[in-house]
$ cat target-v3.txt   # compact mmCIF, C-alpha atoms
# COMPACT_ATOMS: atom_id res chain seq x y z
CA MET F 40 -3.10 -94.61 4.39
CA ASN F 41 -6.17 -96.78 4.78
CA GLU F 42 -9.11 -94.41 4.78
CA GLU F 43 -11.44 -97.24 5.83
CA LYS F 44 -9.46 -98.12 8.95
CA ILE F 45 -8.92 -94.68 10.40
CA LYS F 46 -11.89 -93.71 12.55
CA ILE F 47 -12.91 -90.27 13.74
CA LEU F 48 -15.24 -89.24 16.53
CA ALA F 49 -17.26 -86.65 14.69
CA LYS F 50 -20.29 -84.43 15.28
CA ASP F 51 -22.91 -85.83 17.70
CA ASN F 52 -20.38 -88.47 18.88
CA LYS F 53 -20.79 -90.33 15.61
CA ILE F 54 -17.86 -92.54 14.63
CA ILE F 55 -16.99 -92.21 10.97
CA THR F 56 -14.11 -93.37 8.80
CA LEU F 57 -11.66 -90.99 7.17
CA ARG F 58 -13.20 -91.93 3.84
CA GLU F 59 -16.64 -90.90 5.08
CA LEU F 60 -15.16 -87.62 6.29
CA PHE F 61 -13.77 -86.89 2.80
CA GLU F 62 -17.05 -87.94 1.19
CA GLY F 63 -18.90 -85.58 3.53
CA LYS F 64 -16.58 -82.75 2.53
CA GLN F 65 -17.27 -83.40 -1.15
CA LYS F 66 -21.02 -83.48 -0.47
CA THR F 67 -20.80 -80.11 1.28
CA ARG F 68 -18.87 -78.64 -1.66
CA MET F 69 -21.57 -79.83 -4.05
CA GLU F 70 -24.25 -78.32 -1.83
CA GLN F 71 -22.35 -75.02 -1.67
CA ALA F 72 -22.11 -74.99 -5.45
CA LYS F 73 -25.91 -74.88 -5.52
CA LEU F 74 -26.18 -71.84 -3.23
CA PRO F 75 -27.81 -68.72 -4.72
CA PHE F 76 -25.38 -66.37 -6.48
CA GLU F 77 -26.05 -63.72 -3.79
CA GLU F 78 -25.00 -66.11 -0.99
CA LYS F 79 -21.80 -66.92 -2.83
CA ILE F 80 -20.92 -63.23 -3.14
CA LYS F 81 -21.50 -62.85 0.62
CA ALA F 82 -19.11 -65.75 1.22
CA LEU F 83 -16.61 -64.17 -1.18
CA VAL F 84 -16.63 -60.90 0.78
CA ASP F 85 -15.97 -62.89 3.96
CA LEU F 86 -13.05 -64.61 2.25
CA GLN F 87 -11.69 -61.23 1.14
CA LYS F 88 -11.90 -60.01 4.75
CA ILE F 89 -10.02 -63.09 5.96
CA ALA F 90 -7.37 -62.70 3.25
CA TYR F 91 -6.95 -59.01 4.16
CA SER F 92 -6.73 -59.38 7.93
CA TRP F 93 -5.67 -62.91 8.83
CA GLY F 94 -3.84 -63.61 5.57
CA LYS F 95 -2.20 -60.17 5.71
CA LYS F 96 -2.90 -59.60 2.02
CA LYS F 97 -3.14 -55.86 2.24
CA ASP F 98 -3.54 -55.49 -1.53
CA VAL F 99 -6.94 -57.19 -1.41
CA ILE F 100 -9.89 -54.91 -1.98
CA ILE F 101 -12.77 -55.94 0.25
CA TRP F 102 -15.86 -55.40 -1.86
CA GLN F 103 -18.35 -52.94 -0.50
CA VAL F 104 -21.46 -54.91 -1.18
CA LYS F 105 -24.76 -54.11 0.45
CA PHE F 106 -27.02 -57.05 1.14
CA PRO F 107 -30.72 -56.78 1.89
CA SER F 108 -30.43 -58.39 5.33
CA SER F 109 -27.09 -57.01 6.43
CA GLN F 110 -24.43 -54.56 5.39
CA THR F 111 -20.70 -54.92 5.10
CA GLY F 112 -18.27 -52.21 6.12
CA LYS F 113 -16.63 -49.66 3.89
CA THR F 114 -14.53 -50.75 0.96
CA VAL F 115 -10.92 -51.16 2.03
CA TYR F 116 -8.49 -50.05 -0.64
CA PRO F 117 -4.89 -51.19 -0.64
CA MET Q 152 -22.81 -56.14 -6.32
CA LYS Q 153 -26.40 -55.34 -7.23
CA ASN Q 154 -25.54 -51.65 -7.59
CA THR Q 155 -22.49 -52.50 -9.69
CA ILE Q 156 -24.61 -54.57 -12.05
CA GLU Q 157 -27.12 -51.77 -12.32
CA VAL Q 158 -24.36 -49.36 -13.37
CA ILE Q 159 -23.14 -51.87 -15.98
CA ASN Q 160 -26.70 -52.40 -17.21
CA GLY Q 161 -26.80 -48.61 -17.59
CA LEU Q 162 -23.92 -48.81 -20.08
CA LYS Q 163 -26.06 -51.03 -22.29
CA LYS Q 164 -29.16 -48.94 -21.81
CA GLU Q 165 -27.27 -45.79 -22.75
CA GLY Q 166 -25.90 -47.47 -25.88
CA LEU Q 167 -22.25 -47.43 -24.81
CA ILE Q 168 -21.97 -51.18 -25.15
CA LYS Q 169 -23.90 -53.59 -27.31
CA ASP Q 170 -23.90 -56.30 -24.69
CA TYR Q 171 -21.96 -57.77 -21.78
CA ALA Q 172 -21.54 -60.91 -19.70
CA ILE Q 173 -19.86 -61.75 -16.40
CA GLY Q 174 -16.90 -64.03 -16.98
CA GLY Q 175 -13.67 -64.75 -15.12
CA ALA Q 176 -13.71 -65.95 -11.53
CA ILE Q 177 -17.12 -64.48 -10.69
CA GLY Q 178 -18.55 -66.20 -13.75
CA VAL Q 179 -17.13 -69.46 -12.40
CA LEU Q 180 -18.40 -68.65 -8.90
CA ARG Q 181 -21.95 -68.62 -10.27
CA TRP Q 182 -21.62 -72.37 -10.91
CA VAL Q 183 -19.37 -73.67 -8.10
CA GLU Q 184 -18.73 -73.37 -4.36
CA PRO Q 185 -17.54 -69.96 -3.06
CA PHE Q 186 -13.83 -69.24 -3.45
CA PHE Q 187 -11.55 -66.25 -3.10
CA THR Q 188 -11.12 -63.77 -5.94
CA ARG Q 189 -10.35 -60.09 -6.27
CA ASP Q 190 -12.26 -58.55 -9.15
CA LEU Q 191 -15.26 -58.68 -11.42
CA ASP Q 192 -14.46 -59.37 -15.08
CA ILE Q 193 -17.01 -57.90 -17.43
CA PHE Q 194 -16.68 -58.99 -21.04
CA ILE Q 195 -18.20 -56.44 -23.36
CA ILE Q 196 -19.03 -55.83 -26.98
CA PRO Q 197 -18.30 -52.12 -27.34
CA GLN Q 198 -20.66 -50.00 -29.39
CA LYS Q 199 -17.79 -48.61 -31.42
CA GLU Q 200 -15.51 -51.10 -33.09
CA VAL Q 201 -12.95 -49.53 -35.33
CA GLY Q 202 -11.24 -51.13 -38.31
CA ASN Q 203 -12.45 -54.71 -38.55
CA ARG Q 204 -12.59 -55.12 -34.73
CA GLU Q 205 -8.90 -54.39 -34.39
CA LEU Q 206 -9.38 -51.43 -32.13
CA PHE Q 207 -11.79 -51.26 -29.23
CA LEU Q 208 -12.62 -47.87 -27.83
CA LEU Q 209 -13.16 -48.15 -24.10
CA SER Q 210 -12.65 -44.44 -23.50
CA PRO Q 211 -16.35 -43.52 -24.08
CA ILE Q 212 -17.27 -46.03 -21.36
CA TYR Q 213 -14.72 -44.64 -18.90
CA GLU Q 214 -15.77 -41.09 -19.73
CA TYR Q 215 -19.43 -41.91 -19.10
CA LEU Q 216 -18.59 -43.62 -15.81
CA LYS Q 217 -16.35 -40.75 -14.77
CA ASN Q 218 -19.25 -38.37 -15.28
CA LYS Q 219 -21.32 -40.62 -13.03
CA GLY Q 220 -18.64 -40.31 -10.33
CA TYR Q 221 -16.82 -43.58 -10.90
CA ASP Q 222 -13.28 -42.38 -11.33
CA LYS Q 223 -11.38 -44.29 -8.67
CA TRP Q 224 -8.86 -46.70 -10.15
CA VAL Q 225 -6.84 -49.28 -8.23
CA GLY Q 226 -4.31 -50.74 -10.65
CA GLN Q 227 -6.23 -51.93 -13.69
CA TRP Q 228 -9.53 -51.96 -11.83
CA LEU Q 229 -12.16 -49.27 -11.89
CA ILE Q 230 -14.11 -49.21 -8.63
CA ILE Q 231 -17.83 -49.27 -9.34
CA GLU Q 232 -20.06 -49.23 -6.28
CA GLY Q 233 -17.29 -50.70 -4.14
CA VAL Q 234 -16.38 -53.48 -6.55
CA PRO Q 235 -13.17 -53.56 -8.62
CA VAL Q 236 -14.26 -54.05 -12.21
CA GLU Q 237 -12.27 -54.84 -15.31
CA PHE Q 238 -13.85 -54.36 -18.73
CA ILE Q 239 -12.56 -56.80 -21.31
CA PRO Q 240 -13.50 -56.42 -24.98
CA ALA Q 241 -14.79 -59.79 -26.15
CA GLU Q 242 -13.37 -61.17 -29.36
CA GLY Q 243 -13.24 -64.65 -30.86
CA LEU Q 244 -13.94 -67.30 -28.22
CA ALA Q 245 -14.81 -64.70 -25.58
CA ARG Q 246 -17.30 -63.08 -27.93
CA GLU Q 247 -18.99 -66.40 -28.62
CA ALA Q 248 -19.06 -67.03 -24.85
CA LEU Q 249 -20.67 -63.64 -24.32
CA GLU Q 250 -23.27 -64.21 -27.04
CA ASN Q 251 -24.21 -67.56 -25.47
CA ALA Q 252 -24.29 -66.29 -21.87
CA ILE Q 253 -27.43 -66.91 -19.87
CA GLU Q 254 -29.74 -64.36 -18.33
CA THR Q 255 -29.77 -64.52 -14.55
CA GLU Q 256 -30.81 -62.34 -11.65
CA PHE Q 257 -28.80 -60.86 -8.81
CA GLU Q 258 -31.04 -59.51 -6.07
CA GLY Q 259 -33.74 -58.93 -8.66
CA VAL Q 260 -31.46 -57.22 -11.18
CA GLN Q 261 -31.02 -58.84 -14.57
CA THR Q 262 -27.51 -59.75 -15.62
CA ARG Q 263 -25.74 -62.23 -17.89
CA VAL Q 264 -23.25 -64.93 -16.93
CA MET Q 265 -21.13 -67.13 -19.18
CA LEU Q 266 -21.98 -70.83 -19.33
CA PRO Q 267 -19.66 -73.42 -17.72
CA GLU Q 268 -18.71 -74.92 -21.10
CA TYR Q 269 -17.40 -71.56 -22.32
CA LEU Q 270 -15.76 -70.71 -19.01
CA ILE Q 271 -13.86 -74.00 -19.12
CA THR Q 272 -12.72 -73.28 -22.68
CA LEU Q 273 -11.58 -69.76 -21.80
CA LEU Q 274 -9.76 -71.05 -18.69
CA LEU Q 275 -8.13 -73.79 -20.70
CA LYS Q 276 -6.90 -71.23 -23.20
CA ALA Q 277 -5.23 -69.26 -20.41
CA SER Q 278 -4.09 -72.43 -18.56
CA ARG Q 279 -2.46 -70.79 -15.56
CA ASP Q 280 -2.38 -72.93 -12.40
CA LYS Q 281 -5.33 -71.06 -10.91
CA ASP Q 282 -7.28 -71.57 -14.14
CA LYS Q 283 -6.73 -75.32 -13.99
CA ILE Q 284 -8.13 -75.43 -10.45
CA LYS Q 285 -11.25 -73.62 -11.63
CA ILE Q 286 -11.66 -76.02 -14.54
CA GLN Q 287 -11.55 -78.90 -12.07
CA MET Q 288 -14.14 -77.23 -9.86
CA LEU Q 289 -16.46 -76.63 -12.80
CA LEU Q 290 -16.14 -80.22 -13.97
CA GLU Q 291 -16.86 -81.54 -10.47
CA GLN Q 292 -19.58 -79.17 -9.33
CA ALA Q 293 -21.35 -77.63 -12.31
CA GLU Q 294 -23.66 -79.34 -14.73
CA VAL Q 295 -21.41 -79.39 -17.76
CA ASN Q 296 -22.72 -80.51 -21.11
CA MET Q 297 -19.72 -82.57 -22.18
CA GLU Q 298 -20.82 -82.91 -25.80
CA LYS Q 299 -21.21 -79.17 -26.12
CA LEU Q 300 -17.89 -78.59 -24.33
CA LYS Q 301 -16.01 -80.97 -26.63
CA GLU Q 302 -17.57 -79.34 -29.68
CA ILE Q 303 -16.34 -75.91 -28.56
CA LEU Q 304 -12.90 -77.29 -27.64
CA HIS Q 305 -12.62 -78.87 -31.10
CA ARG Q 306 -13.50 -75.68 -32.90
CA TYR Q 307 -10.90 -73.70 -30.97
CA GLY Q 308 -8.20 -76.37 -31.20
CA LEU Q 309 -8.10 -76.99 -27.45
CA ILE Q 310 -9.21 -80.60 -27.24
CA ASP Q 311 -5.68 -81.94 -26.63
CA LYS Q 312 -5.17 -79.46 -23.81
CA PHE Q 313 -8.32 -80.81 -22.20
CA LYS Q 314 -7.17 -84.44 -22.14
CA PRO Q 315 -5.51 -84.26 -18.66
CA PHE Q 316 -8.89 -83.28 -17.20
CA VAL Q 317 -10.72 -86.32 -18.56
CA LYS Q 318 -11.08 -89.01 -15.90
CA LYS Q 319 -9.85 -92.42 -16.99

$ encode --input "target-v3.txt" --output "structure tokens"
Amino acid sequence: MNEEKIKILAKDNKIITLRELFEGKQKTRMEQAKLPFEEKIKALVDLQKIAYSWGKKKDVIIWQVKFPSSQTGKTVYP
Amino acid sequence: MKNTIEVINGLKKEGLIKDYAIGGAIGVLRWVEPFFTRDLDIFIIPQKEVGNRELFLLSPIYEYLKNKGYDKWVGQWLIIEGVPVEFIPAEGLAREALENAIETEFEGVQTRVMLPEYLITLLLKASRDKDKIKIQMLLEQAEVNMEKLKEILHRYGLIDKFKPFVKK
């Protein structure tokens, strides 16, 4: 697969190569790694919710974590 | 998680543990992009160590927490303020990792998290598939002091195990 040849019509009608798409993904991951610890825990709780409902992992405990700006639901125990 | 940390800080304040640090997946999460995990691993140095650190008494901790109303267990996890927590007595490498953990804040509450170099070493020691993925994430996304990491790996005889992770 030639990542330079394959083009994608991306956000804002910008044409990028597949390589650029992968590089963008990596950049986003690096940016996410720099998020505050609190933001990462929020994201984790969202992932737990997805795993529980969409992923049908009913043994997942969704953390009951209260955040200053919002509040999650009650802890769901398996 | 703020409330959970406050409860754990209470264990130290009340003299039930000498010290603690967040390790495991949440320790890794501190340094890399968000990923799925189930529990909060708290490495501890218990106040009471019996017989040359061969026996760790966690019962005083559980008893204290039970009196505070934290008595719901799901498998091996004790639910503290909605978060499944596992207390792990730190010995050897884990103890060194705990002693070198950094102070950090979570919503204004002080806590301690293990450094990437120690997390990588602990993960390498376990070497399950999911541990290897986390090692890769730490190497890619965290600021890892490679000299320090190699020094720790040498001391714990893990340098050969680390070779597949070194980019050629």

$ residues_around --input "target-v3.txt" --residues "F:Met69" --least-positions-apart "3" --cutoff "8 Å" --atoms "all atoms listed in the file" --output "list of chain:residue names"
F:Gln65, F:Lys66, F:Ala72, F:Lys73, Q:Val183, Q:Glu184, Q:Gln292

$ interface_residues --input "target-v3.txt" --of "chain F" --to "chain Q" --cutoff "12 Å" --atoms "only C-alpha atoms" --output "MDAnalysis selection string"
chainID F and resid 64:91 94 96:108 110:117

$ atom_distance --input "target-v3.txt" --atom1 "atom CA of Q:Glu298" --atom2 "atom CA of F:Glu62"
27.7 Å

$ atom_distance --input "target-v3.txt" --atom1 "atom CA of Q:Ala252" --atom2 "atom CA of Q:Leu266"
5.7 Å

$ atom_distance --input "target-v3.txt" --atom1 "atom CA of Q:Lys164" --atom2 "atom CA of Q:Leu209"
16.2 Å

$ closest_residue --input "target-v3.txt" --among "Q:Leu275, Q:Met297, Q:Ile286, Q:Met265" --to "Q:Leu309" --atoms "only C-alpha atoms"
Q:Leu275

$ closest_residue --input "target-v3.txt" --among "Q:Gly226, Q:Ile168, Q:Ile271, Q:Glu247" --to "Q:Ser210" --atoms "only C-alpha atoms"
Q:Ile168

$ decode --input "target-v3.txt" --residues "stretch 158-200 of chain Q" --atoms "N, CA and C atoms" --output "short mmCIF file (atom, residue, chain, number, x, y, z; two decimals), in the first residue's frame"
data_model
loop_
_atom_site.label_atom_id
_atom_site.label_comp_id
_atom_site.auth_asym_id
_atom_site.auth_seq_id
_atom_site.Cartn_x
_atom_site.Cartn_y
_atom_site.Cartn_z
N VAL Q 158 -9.84 9.76 50.45
CA VAL Q 158 -9.98 8.63 51.39
C VAL Q 158 -8.62 7.93 51.56
N ILE Q 159 -7.92 7.75 50.44
CA ILE Q 159 -6.60 7.08 50.49
C ILE Q 159 -5.59 7.96 51.24
N ASN Q 160 -5.65 9.26 51.01
CA ASN Q 160 -4.79 10.17 51.76
C ASN Q 160 -5.07 10.05 53.26
N GLY Q 161 -6.34 9.80 53.58
CA GLY Q 161 -6.74 9.63 54.99
C GLY Q 161 -6.04 8.44 55.63
N LEU Q 162 -5.79 7.40 54.84
CA LEU Q 162 -5.09 6.21 55.37
C LEU Q 162 -3.68 6.59 55.84
N LYS Q 163 -3.06 7.48 55.07
CA LYS Q 163 -1.71 7.92 55.43
C LYS Q 163 -1.75 8.85 56.65
N LYS Q 164 -2.72 9.73 56.60
CA LYS Q 164 -2.88 10.69 57.69
C LYS Q 164 -3.15 9.99 59.03
N GLU Q 165 -3.94 8.93 58.94
CA GLU Q 165 -4.30 8.19 60.16
C GLU Q 165 -3.22 7.17 60.56
N GLY Q 166 -2.15 7.11 59.79
CA GLY Q 166 -1.03 6.23 60.15
C GLY Q 166 -1.26 4.76 59.82
N LEU Q 167 -2.21 4.48 58.94
CA LEU Q 167 -2.45 3.08 58.56
C LEU Q 167 -1.48 2.61 57.48
N ILE Q 168 -1.02 3.56 56.70
CA ILE Q 168 0.03 3.24 55.71
C ILE Q 168 1.14 4.28 55.86
N LYS Q 169 2.34 3.85 55.48
CA LYS Q 169 3.46 4.80 55.54
C LYS Q 169 3.40 5.73 54.34
N ASP Q 170 3.11 5.14 53.20
CA ASP Q 170 3.02 5.93 51.97
C ASP Q 170 2.29 5.13 50.89
N TYR Q 171 1.97 5.82 49.80
CA TYR Q 171 1.32 5.13 48.68
C TYR Q 171 1.66 5.83 47.36
N ALA Q 172 1.39 5.16 46.27
CA ALA Q 172 1.50 5.78 44.94
C ALA Q 172 0.54 5.07 44.00
N ILE Q 173 0.03 5.84 43.06
CA ILE Q 173 -0.83 5.26 42.01
C ILE Q 173 0.08 4.59 40.99
N GLY Q 174 -0.20 3.33 40.71
CA GLY Q 174 0.55 2.61 39.69
C GLY Q 174 -0.44 2.00 38.72
N GLY Q 175 -0.08 0.89 38.12
CA GLY Q 175 -0.97 0.19 37.19
C GLY Q 175 -1.41 1.06 36.03
N ALA Q 176 -2.59 0.74 35.50
CA ALA Q 176 -3.07 1.42 34.30
C ALA Q 176 -3.31 2.91 34.53
N ILE Q 177 -3.83 3.26 35.70
CA ILE Q 177 -4.10 4.69 35.95
C ILE Q 177 -2.79 5.45 36.11
N GLY Q 178 -1.78 4.80 36.64
CA GLY Q 178 -0.45 5.41 36.68
C GLY Q 178 0.03 5.70 35.27
N VAL Q 179 -0.18 4.73 34.37
CA VAL Q 179 0.23 4.91 32.97
C VAL Q 179 -0.60 6.03 32.32
N LEU Q 180 -1.89 6.01 32.63
CA LEU Q 180 -2.82 7.00 32.06
C LEU Q 180 -2.38 8.44 32.34
N ARG Q 181 -1.73 8.63 33.47
CA ARG Q 181 -1.23 9.97 33.83
C ARG Q 181 -0.28 10.51 32.76
N TRP Q 182 0.40 9.59 32.06
CA TRP Q 182 1.46 10.00 31.14
C TRP Q 182 1.11 9.86 29.66
N VAL Q 183 0.03 9.12 29.35
CA VAL Q 183 -0.30 8.86 27.94
C VAL Q 183 -1.76 9.23 27.64
N GLU Q 184 -2.14 9.00 26.38
CA GLU Q 184 -3.52 9.29 25.95
C GLU Q 184 -4.52 8.42 26.74
N PRO Q 185 -5.77 8.86 26.86
CA PRO Q 185 -6.76 8.05 27.59
C PRO Q 185 -6.98 6.68 26.96
N PHE Q 186 -7.11 5.67 27.78
CA PHE Q 186 -7.44 4.32 27.32
C PHE Q 186 -8.29 3.63 28.38
N PHE Q 187 -8.91 2.54 27.95
CA PHE Q 187 -9.84 1.84 28.84
C PHE Q 187 -9.11 1.05 29.93
N THR Q 188 -9.61 1.14 31.14
CA THR Q 188 -9.16 0.27 32.22
C THR Q 188 -10.28 0.15 33.24
N ARG Q 189 -10.12 -0.79 34.17
CA ARG Q 189 -11.22 -1.09 35.08
C ARG Q 189 -11.02 -0.58 36.51
N ASP Q 190 -9.78 -0.56 36.97
CA ASP Q 190 -9.59 -0.32 38.41
C ASP Q 190 -8.44 0.64 38.69
N LEU Q 191 -8.33 0.99 39.94
CA LEU Q 191 -7.28 1.89 40.40
C LEU Q 191 -6.33 1.10 41.31
N ASP Q 192 -5.10 0.92 40.83
CA ASP Q 192 -4.11 0.18 41.63
C ASP Q 192 -3.36 1.15 42.54
N ILE Q 193 -3.46 0.88 43.83
CA ILE Q 193 -2.75 1.71 44.79
C ILE Q 193 -1.66 0.86 45.46
N PHE Q 194 -0.44 1.22 45.18
CA PHE Q 194 0.69 0.53 45.81
C PHE Q 194 0.94 1.19 47.16
N ILE Q 195 1.08 0.36 48.18
CA ILE Q 195 1.21 0.93 49.53
C ILE Q 195 2.40 0.33 50.28
N ILE Q 196 2.89 1.12 51.21
CA ILE Q 196 3.81 0.59 52.22
C ILE Q 196 2.99 0.55 53.50
N PRO Q 197 2.60 -0.64 53.93
CA PRO Q 197 1.77 -0.73 55.14
C PRO Q 197 2.54 -0.27 56.37
N GLN Q 198 1.81 0.18 57.36
CA GLN Q 198 2.46 0.62 58.60
C GLN Q 198 3.06 -0.58 59.33
N LYS Q 199 2.32 -1.68 59.28
CA LYS Q 199 2.80 -2.88 59.98
C LYS Q 199 3.35 -3.89 58.99
N GLU Q 200 4.63 -4.14 59.11
CA GLU Q 200 5.27 -5.17 58.29
C GLU Q 200 5.81 -6.21 59.25
#
